[in-house]
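Take a look at the structure set out below.
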Amino acid sequence: MTQENGELDSLVRKRIRALRMAQGWSLEELAGRAKVSQSTLSRIENGRRRLALDQLVILARALDTSLDQLVETATDDVVSHPTIDSARGQLRWPIKAQPGMSVIRQRMTEPPPDNPSRMRAHPGHEWLVVLSGTAILLLGDRRLRIETDQAAEFPTMLPHAIGADGGPCDVLGIFDREARRGHQRGENT
């Protein structure tokens, strides 16, 4: 076995144990969910039993994850660097673990639009965190005040708009693939 395979083997075993413990499950409980013996599971976690593909599939399912996530090895690029969109005053970071998702940091200086027809609605989901200042989120018929260190999460099919309240605010937005596309289309119209 190569050193790389040995490292992957060890990583997968640690993940199985960590995922089990994160759920608060005993060896017995996970073994029951995966329909393997408790001693087999213990030997898998401790490296005394060979990892078999069929058992990894069963364990991944029991741990509510995928086989791909269980054996993922992409740890090369831990630090991500943003792209700068100076025209919009935004920094953008792609989220590697979830292709299609992105993070955008934006400084807002204007209040949200007064005209409800300027609110956007599109498929997707959005999360935002106010890093400094205060933001106003118009969400359907609601007007929400979001202060520094507060966050909001909402489906983007609700008509929405965001702006600053009483001065500049810095917002970190996290967009799933559909929400990002919806905002990009909205920027181009």
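So you can find residues: chains in the structure tokens are A, B, ... in the order shown, residues in each start at 1, and ligands are numbered from 1 in order.
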If you count only C-alpha atoms, which residues fall within 7 Å of A:Arg20, apart from same-chain ones fewer than 4 positions away, as a ChimeraX atom specification?
/A:16,24-25,30,63
Write to file, as an mmCIF file, in the first residue's frame, the residues of the selection just made, with C-alpha atoms.
```
data_model
loop_
_atom_site.group_PDB
_atom_site.id
_atom_site.type_symbol
_atom_site.label_atom_id
_atom_site.label_comp_id
_atom_site.auth_asym_id
_atom_site.auth_seq_id
_atom_site.Cartn_x
_atom_site.Cartn_y
_atom_site.Cartn_z
ATOM 1 C CA ILE A 16 -16.316 7.536 10.492
ATOM 2 C CA GLY A 24 -23.762 11.362 19.802
ATOM 3 C CA TRP A 25 -23.991 7.697 18.794
ATOM 4 C CA LEU A 30 -24.128 3.106 14.578
ATOM 5 C CA LEU A 63 -24.015 8.397 8.864
#
```
DSSP on the backbone, helix (DSSP H, G or I) only: what residues of stretch 14-71 of chain A does that give? Format it as a PyMOL selection string.
chain A and resi 14-22+27-34+38-46+53-62+67-71
Keeping only C-alpha atoms, write the selected residues as a compact mmCIF listing (two decimals), in the first residue's frame.
```
# COMPACT_ATOMS: atom_id res chain seq x y z
CA LYS A 14 -11.15 9.07 11.57
CA ARG A 15 -14.12 10.51 9.68
CA ILE A 16 -16.32 7.54 10.49
CA ARG A 17 -15.50 7.88 14.18
CA ALA A 18 -15.86 11.69 14.15
CA LEU A 19 -19.22 11.56 12.34
CA ARG A 20 -20.48 8.90 14.75
CA MET A 21 -19.41 10.93 17.77
CA ALA A 22 -20.83 14.16 16.31
CA LEU A 27 -20.55 2.06 18.53
CA GLU A 28 -23.61 -0.07 19.23
CA GLU A 29 -26.02 2.54 17.85
CA LEU A 30 -24.13 3.11 14.58
CA ALA A 31 -23.56 -0.62 14.17
CA GLY A 32 -27.32 -1.14 14.48
CA ARG A 33 -28.07 1.57 11.94
CA ALA A 34 -25.51 0.14 9.50
CA GLN A 38 -20.34 -3.66 16.94
CA SER A 39 -16.97 -5.47 16.92
CA THR A 40 -16.70 -5.05 13.12
CA LEU A 41 -17.37 -1.33 13.42
CA SER A 42 -14.84 -1.03 16.24
CA ARG A 43 -12.19 -2.81 14.16
CA ILE A 44 -12.96 -0.57 11.16
CA GLU A 45 -12.56 2.58 13.28
CA ASN A 46 -9.35 1.30 14.92
CA LEU A 53 -16.23 -0.62 -0.44
CA ASP A 54 -19.58 -2.26 0.28
CA GLN A 55 -19.23 -1.52 4.01
CA LEU A 56 -18.17 2.07 3.34
CA VAL A 57 -21.32 2.62 1.26
CA ILE A 58 -23.47 1.23 4.10
CA LEU A 59 -21.63 3.27 6.74
CA ALA A 60 -21.88 6.47 4.68
CA ARG A 61 -25.63 5.97 4.33
CA ALA A 62 -26.01 5.25 8.06
CA LEU A 67 -19.39 7.85 -0.11
CA ASP A 68 -17.77 10.75 -1.98
CA GLN A 69 -17.77 12.91 1.15
CA LEU A 70 -16.50 10.05 3.28
CA VAL A 71 -13.44 9.48 1.05
```
With only C-alpha atoms as the basis for distance, which of A:Leu131, A:Gly124, A:Ile146, A:Leu172 is at the shortest distance from A:Leu158?
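Comparing A:Leu131, A:Gly124, A:Ile146, A:Leu172 against A:Leu158, the winner is A:Gly124.
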What is the atom CA of A:Ala135-atom CA of A:Gln106 distance in Å, reported with one decimal?
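It comes out at 11.5 Å.
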Hey, can you check how far atom CA of A:Pro123 sits from atom CA of A:Pro159?
10.6 Å
Between A:Ser86, A:Ser10, A:Ser26, A:Thr148, single out the one closest to A:Leu128, counting only C-alpha atoms.
A:Thr148
Mind pulling up the distance from atom CA of A:Asn115 to atom CA of A:Asp165?
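Atom CA of A:Asn115 lies at a distance of 16.3 Å from atom CA of A:Asp165.
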Which residue gives the smallest distance to A:Met119 among A:Ala152, A:Leu144, A:Met157, A:Leu11, with only C-alpha atoms counted?
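Checking each candidate against A:Met119, we get A:Met157 as the closest.
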Extract the full set of strand (DSSP E or B) residues from stretch 19-189 of chain A according to DSSP on the backbone, and format it as a PyMOL selection string.
chain A and resi 83-85+90-94+102-108+120+125-132+134-139+142-147+151-155+160-164+169-175
Could you please take those selected residues and save C-alpha atoms as a PDB file, in the first residue's frame?
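This is the output file part_0.pdb:
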```pdb
ATOM      1  CA  THR A  83     -11.869  37.784  -6.896  1.00  0.00           C
ATOM      2  CA  ILE A  84     -12.514  41.512  -6.853  1.00  0.00           C
ATOM      3  CA  ASP A  85     -15.453  43.090  -8.653  1.00  0.00           C
ATOM      4  CA  GLN A  90     -17.725  43.210  -4.043  1.00  0.00           C
ATOM      5  CA  LEU A  91     -15.267  40.511  -3.059  1.00  0.00           C
ATOM      6  CA  ARG A  92     -16.332  37.014  -4.183  1.00  0.00           C
ATOM      7  CA  TRP A  93     -15.128  33.660  -2.875  1.00  0.00           C
ATOM      8  CA  PRO A  94     -16.207  30.348  -4.423  1.00  0.00           C
ATOM      9  CA  SER A 102     -20.279  31.581  -3.534  1.00  0.00           C
ATOM     10  CA  VAL A 103     -19.629  34.118  -0.815  1.00  0.00           C
ATOM     11  CA  ILE A 104     -19.799  37.826  -1.558  1.00  0.00           C
ATOM     12  CA  ARG A 105     -18.678  40.678   0.681  1.00  0.00           C
ATOM     13  CA  GLN A 106     -20.304  43.962  -0.172  1.00  0.00           C
ATOM     14  CA  ARG A 107     -20.305  47.456   1.303  1.00  0.00           C
ATOM     15  CA  MET A 108     -23.740  49.024   1.067  1.00  0.00           C
ATOM     16  CA  ARG A 120     -36.033  40.576  -6.843  1.00  0.00           C
ATOM     17  CA  HIS A 125     -31.529  30.287  -1.073  1.00  0.00           C
ATOM     18  CA  GLU A 126     -29.478  33.083   0.475  1.00  0.00           C
ATOM     19  CA  TRP A 127     -27.742  33.631   3.787  1.00  0.00           C
ATOM     20  CA  LEU A 128     -26.281  36.937   4.890  1.00  0.00           C
ATOM     21  CA  VAL A 129     -24.319  38.220   7.867  1.00  0.00           C
ATOM     22  CA  VAL A 130     -23.925  41.895   8.710  1.00  0.00           C
ATOM     23  CA  LEU A 131     -20.253  42.460   9.494  1.00  0.00           C
ATOM     24  CA  SER A 132     -20.574  46.154  10.407  1.00  0.00           C
ATOM     25  CA  THR A 134     -26.992  47.990  10.105  1.00  0.00           C
ATOM     26  CA  ALA A 135     -28.790  46.573   7.087  1.00  0.00           C
ATOM     27  CA  ILE A 136     -32.455  46.615   6.152  1.00  0.00           C
ATOM     28  CA  LEU A 137     -33.783  43.475   4.480  1.00  0.00           C
ATOM     29  CA  LEU A 138     -37.062  43.835   2.635  1.00  0.00           C
ATOM     30  CA  LEU A 139     -38.530  40.353   2.439  1.00  0.00           C
ATOM     31  CA  ARG A 142     -41.649  42.492   5.919  1.00  0.00           C
ATOM     32  CA  ARG A 143     -38.980  45.048   6.746  1.00  0.00           C
ATOM     33  CA  LEU A 144     -36.243  43.492   8.881  1.00  0.00           C
ATOM     34  CA  ARG A 145     -33.461  45.385  10.621  1.00  0.00           C
ATOM     35  CA  ILE A 146     -30.262  43.320  10.786  1.00  0.00           C
ATOM     36  CA  GLU A 147     -27.521  44.657  13.018  1.00  0.00           C
ATOM     37  CA  ALA A 151     -27.668  36.973  10.192  1.00  0.00           C
ATOM     38  CA  ALA A 152     -30.644  36.226   7.978  1.00  0.00           C
ATOM     39  CA  GLU A 153     -31.501  33.198   5.884  1.00  0.00           C
ATOM     40  CA  PHE A 154     -34.310  33.079   3.358  1.00  0.00           C
ATOM     41  CA  PRO A 155     -35.552  31.455   0.159  1.00  0.00           C
ATOM     42  CA  HIS A 160     -36.321  40.744  -1.527  1.00  0.00           C
ATOM     43  CA  ALA A 161     -33.964  43.702  -1.443  1.00  0.00           C
ATOM     44  CA  ILE A 162     -31.268  44.805   0.967  1.00  0.00           C
ATOM     45  CA  GLY A 163     -29.668  48.129   1.754  1.00  0.00           C
ATOM     46  CA  ALA A 164     -27.953  50.153   4.451  1.00  0.00           C
ATOM     47  CA  CYS A 169     -22.827  48.547   6.251  1.00  0.00           C
ATOM     48  CA  ASP A 170     -20.683  45.579   5.276  1.00  0.00           C
ATOM     49  CA  VAL A 171     -22.556  42.390   4.433  1.00  0.00           C
ATOM     50  CA  LEU A 172     -21.297  38.896   3.758  1.00  0.00           C
ATOM     51  CA  GLY A 173     -23.761  37.019   1.545  1.00  0.00           C
ATOM     52  CA  ILE A 174     -23.716  33.288   0.840  1.00  0.00           C
ATOM     53  CA  PHE A 175     -25.605  32.241  -2.267  1.00  0.00           C
TER      54      PHE A 175
END
```
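Minimum atom-to-atom distance to A:Asp9, evaluated using only C-alpha atoms, belongs to A:Ala52 out of A:Ser66, A:Thr109, A:Ala52, A:Val36.
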